[in-house]
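To start, the structure under review is shown below, and the notes come after it.
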Amino acid sequence: MTTTLEQEGYHQSTFGSKLRDGNTGGLLMIAAMVLGLLFANSFMADGYFGLRDAHLGIPAVDSAFHTVGEWASEGLLAVFFFMTGLELKSEFVDGELRRIKKAIVPVVAAFGGVAMPALIYAAINLFWGDAATLRGWATPTATDIAFAVSVLAVVGSALPTAMRTFLLTLAVVDDLIAIVIIAFVYSEGVNFLYLGLAILPAALFWVLTHRWPRFFAHSRWAPWVILLPIGVVTWVLIYSAGIHATIAGVVLGFMVPVLHRSKPEAGEAPIGLAPRLSHRFSPLSNGIAIPVFAFFASGVAVGGWSGIVDAFTDPVAIGVVVGLVVGKTIGIFGSTWILTRVSGAEIDEDMKWIDVFGLAMMGGIGFTVALLVAELSFGLGTIHDDHAKVGVLTGSLLSAILGGILLGMRNAHYKRLRAQGVPVDTYDGGAPDESEATQARSQDDPE
């Protein structure tokens, strides 16, 4: 029996395979970020900002709807959040978050990694800032999955698998917390008429994916011409209801079944619809949605050296940088250490505390969601938004460098151990096959 999507022939082209690779998505995101910064600080700045701030309206929804930049953050980024919803659902049903005893350490680390940066940012802005700057308290709380895992893959080819699992679980829970914050803090007054109408296409999406999962799993066109339009309608109605539209992506992602509802047919991989839709739509997310968002979100007119000085005299930028670099490290490492001291929980036996510290530093790589929260807090293109984004870019870069150096040293250590014949459970960058336990559960588990 085949056990992976690749064995079923799902990777039909080298280009598609590359776009599905999380490392490629991270590199495209970084490239788009650099381009956005260059355009915003060059002779092309007027054209760049003119394009970003140009209005595109949908008369049936809002005659003044959004600028191109806001379309990227509330429209295209919904695709990224749909992928996040699929991943979260998979983790809860068939991943690390299914077994609470194993997941409790990175889960608690994620909460600590959210709370401490928020507290540090709030403290800095209560002392030096005002009510306006305090609005950005959630900006340094998010860890970027694609960016962090990409850096880990570059510097950590010989690190234990447990370290990647720890970082992934932490980042997934971190994203879940960020989604809750966006839903409750940054959504405006709810229009219950539109919210009620949104239930109709969402319910249709649920029925279709649960009633005919095999059809949508094996059809190359059905997810694009049936499910995607239904998702767009749901997204428009949720936006019209006053709820941040990216939440529509998460809701729809959680509706997709993860495992088979019945015994797989002969020659069929025991993989449910969620992994298959993730496979289908990941090129759209990695190749278009995230890079386009990064291109417009990172376009900050720094204004030369004097602009940089101005940014770092703003408690917003200071709070974001300190929150990401110091707050994330203390929050993740400190909560992990405290949990293991006050309970029976333990870190994985393949990891050492110095490894946890390096991963905690990597947790300070905040990009996609951090930039989005900055926009939601201050408004796209405002001075505090620009300064917050300078802080996000600076803090993420420092965290990547510091964490990368430490984990690079640990990587060399584990390489030496392997050369000496000491067994190290190493992550090789490949996608693991479905476990036998998953195959058994998939025969009777509807989700």
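Ligands are numbered from 1 in the order shown, chains are lettered A, B, ... in the order of the structure tokens, and residues start at 1 in each chain.
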
Report as a list of chain:residue names all protein, DNA and RNA residues lying within 9 Å of stretch 329-343 of chain A, evaluated on only C-alpha atoms, omitting residues in the same chain fewer than 5 positions from it. A:Val105, A:Pro106, A:Val108, A:Ala109, A:Ala110, A:Phe111, A:Gly112, A:Gly113, A:Val114, A:Ala115, A:Met116, A:Pro117, A:Leu170, A:Gly323, A:Leu324, A:Trp353, A:Val356, A:Phe357, A:Gly358, A:Leu359, A:Ala360, A:Met361, A:Met362, A:Gly363, A:Gly364

For A:Ser377, please output as a PDB file with all heavy atoms, in the first residue's frame all residues within 8 Å (counting only C-alpha atoms; exclusion window: fewer than 3 positions along the same chain).
```pdb
ATOM      1  N   ARG A 135      -1.211  50.237  21.963  1.00  0.00           N
ATOM      2  CA  ARG A 135      -2.076  49.397  21.128  1.00  0.00           C
ATOM      3  C   ARG A 135      -1.316  48.264  20.443  1.00  0.00           C
ATOM      4  O   ARG A 135      -1.909  47.258  20.066  1.00  0.00           O
ATOM      5  CB  ARG A 135      -2.763  50.248  20.050  1.00  0.00           C
ATOM      6  CG  ARG A 135      -3.915  51.071  20.555  1.00  0.00           C
ATOM      7  CD  ARG A 135      -4.540  51.857  19.412  1.00  0.00           C
ATOM      8  NE  ARG A 135      -4.900  51.017  18.276  1.00  0.00           N
ATOM      9  CZ  ARG A 135      -6.009  50.308  18.180  1.00  0.00           C
ATOM     10  NH1 ARG A 135      -6.883  50.327  19.180  1.00  0.00           N
ATOM     11  NH2 ARG A 135      -6.262  49.581  17.104  1.00  0.00           N
ATOM     12  N   GLY A 136      -0.035  48.428  20.294  1.00  0.00           N
ATOM     13  CA  GLY A 136       0.745  47.411  19.583  1.00  0.00           C
ATOM     14  C   GLY A 136       1.279  46.300  20.459  1.00  0.00           C
ATOM     15  O   GLY A 136       2.196  45.578  20.044  1.00  0.00           O
ATOM     16  N   TYR A 186      -8.902  42.623  17.483  1.00  0.00           N
ATOM     17  CA  TYR A 186      -8.806  43.475  16.305  1.00  0.00           C
ATOM     18  C   TYR A 186     -10.006  43.380  15.361  1.00  0.00           C
ATOM     19  O   TYR A 186      -9.986  43.973  14.287  1.00  0.00           O
ATOM     20  CB  TYR A 186      -7.520  43.154  15.536  1.00  0.00           C
ATOM     21  CG  TYR A 186      -6.286  43.477  16.338  1.00  0.00           C
ATOM     22  CD1 TYR A 186      -5.515  42.467  16.901  1.00  0.00           C
ATOM     23  CD2 TYR A 186      -5.915  44.792  16.564  1.00  0.00           C
ATOM     24  CE1 TYR A 186      -4.393  42.767  17.664  1.00  0.00           C
ATOM     25  CE2 TYR A 186      -4.800  45.103  17.314  1.00  0.00           C
ATOM     26  CZ  TYR A 186      -4.044  44.085  17.857  1.00  0.00           C
ATOM     27  OH  TYR A 186      -2.936  44.383  18.604  1.00  0.00           O
ATOM     28  N   VAL A 373      -0.314  42.152  12.632  1.00  0.00           N
ATOM     29  CA  VAL A 373      -0.789  42.746  13.890  1.00  0.00           C
ATOM     30  C   VAL A 373      -0.366  44.204  13.990  1.00  0.00           C
ATOM     31  O   VAL A 373      -1.105  45.047  14.503  1.00  0.00           O
ATOM     32  CB  VAL A 373      -0.281  41.934  15.101  1.00  0.00           C
ATOM     33  CG1 VAL A 373      -0.611  42.648  16.409  1.00  0.00           C
ATOM     34  CG2 VAL A 373      -0.907  40.541  15.098  1.00  0.00           C
ATOM     35  N   ALA A 374       0.837  44.533  13.482  1.00  0.00           N
ATOM     36  CA  ALA A 374       1.284  45.929  13.478  1.00  0.00           C
ATOM     37  C   ALA A 374       0.321  46.791  12.662  1.00  0.00           C
ATOM     38  O   ALA A 374      -0.061  47.893  13.086  1.00  0.00           O
ATOM     39  CB  ALA A 374       2.698  46.028  12.918  1.00  0.00           C
ATOM     40  N   ASP A 385       3.052  52.386  12.640  1.00  0.00           N
ATOM     41  CA  ASP A 385       3.068  51.130  11.879  1.00  0.00           C
ATOM     42  C   ASP A 385       4.432  50.928  11.237  1.00  0.00           C
ATOM     43  O   ASP A 385       5.012  49.828  11.301  1.00  0.00           O
ATOM     44  CB  ASP A 385       1.977  51.161  10.804  1.00  0.00           C
ATOM     45  CG  ASP A 385       2.002  49.929   9.909  1.00  0.00           C
ATOM     46  OD1 ASP A 385       2.116  48.804  10.447  1.00  0.00           O
ATOM     47  OD2 ASP A 385       1.910  50.081   8.676  1.00  0.00           O
TER      48      ASP A 385
END
```

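Residue nearest A:Leu19, chosen from A:Ile288, A:Ala412, A:Leu228, A:Val233 and counting only C-alpha atoms: A:Ile288.
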
What's around A:Pro201 at 9 Å? Count only C-alpha atoms, leave out sequence neighbours fewer than 2 positions away in its own chain, and write the answer as a VMD selection string. chain A and resid 197 to 199 203 to 206 230 to 231 233 to 234

Within 7 Å of stretch 63-79 of chain A using only C-alpha atoms, minus same-chain residues under 3 positions, as a list in words: Leu51, Arg52, Asp53, Ala54, His55, Leu56, Gly57, Ile58, Pro59, Phe82, Met83, Ala245, Thr246, Ala248, Gly249, Ser285, Ala289, Ile290, Val292, Phe293, Phe296 and Leu372 of chain A

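Distance annotation: of A:Ser306, A:Gln420, A:Asn411, A:Thr143, the residue with the minimal separation from A:Met351 is A:Asn411; atom set is only C-alpha atoms.
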
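Note that the spacing between atom CA of A:Lys415 and atom CA of A:Ile401 amounts to 20.6 Å.
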
One decimal place gives the atom CA of A:Leu200-atom CA of A:Ser240 separation as 14.4 Å

When DSSP is applied to the backbone of this structure, which of stretch 169-386 of chain A are assigned alpha helix (DSSP H)? Write them out as number ranges by chain. A: 169-185, 192-211, 213-218, 222, 228-240, 246-255, 273-284, 290-297, 304-311, 315-322, 328-342, 353-362, 368-378, 383-386

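Proximity ranking of A:Ala131, A:Ala301, A:Ala241, A:Val154 relative to A:Ile405 places A:Val154 first, based on only C-alpha atoms.
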
Mind checking which residues fall within 12 Å of A:Pro423, counting only C-alpha atoms, ignoring those fewer than 6 positions away in the same chain, and posting them as a PyMOL selection string? chain A and resi 158-160+350+414-417

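Taking atom CA of A:Val321 and atom CA of A:Ala297 as endpoints, the distance between them is 17.3 Å.
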
Do a neighbour search on stretch 85-101 of chain A at 9 Å with only C-alpha atoms, toss out local chain neighbours closer than 5 positions, and write the hits as a PyMOL selection string. chain A and resi 80+107+165+169+172-173+175-176+249-259+274-275+277-278+345+438+447
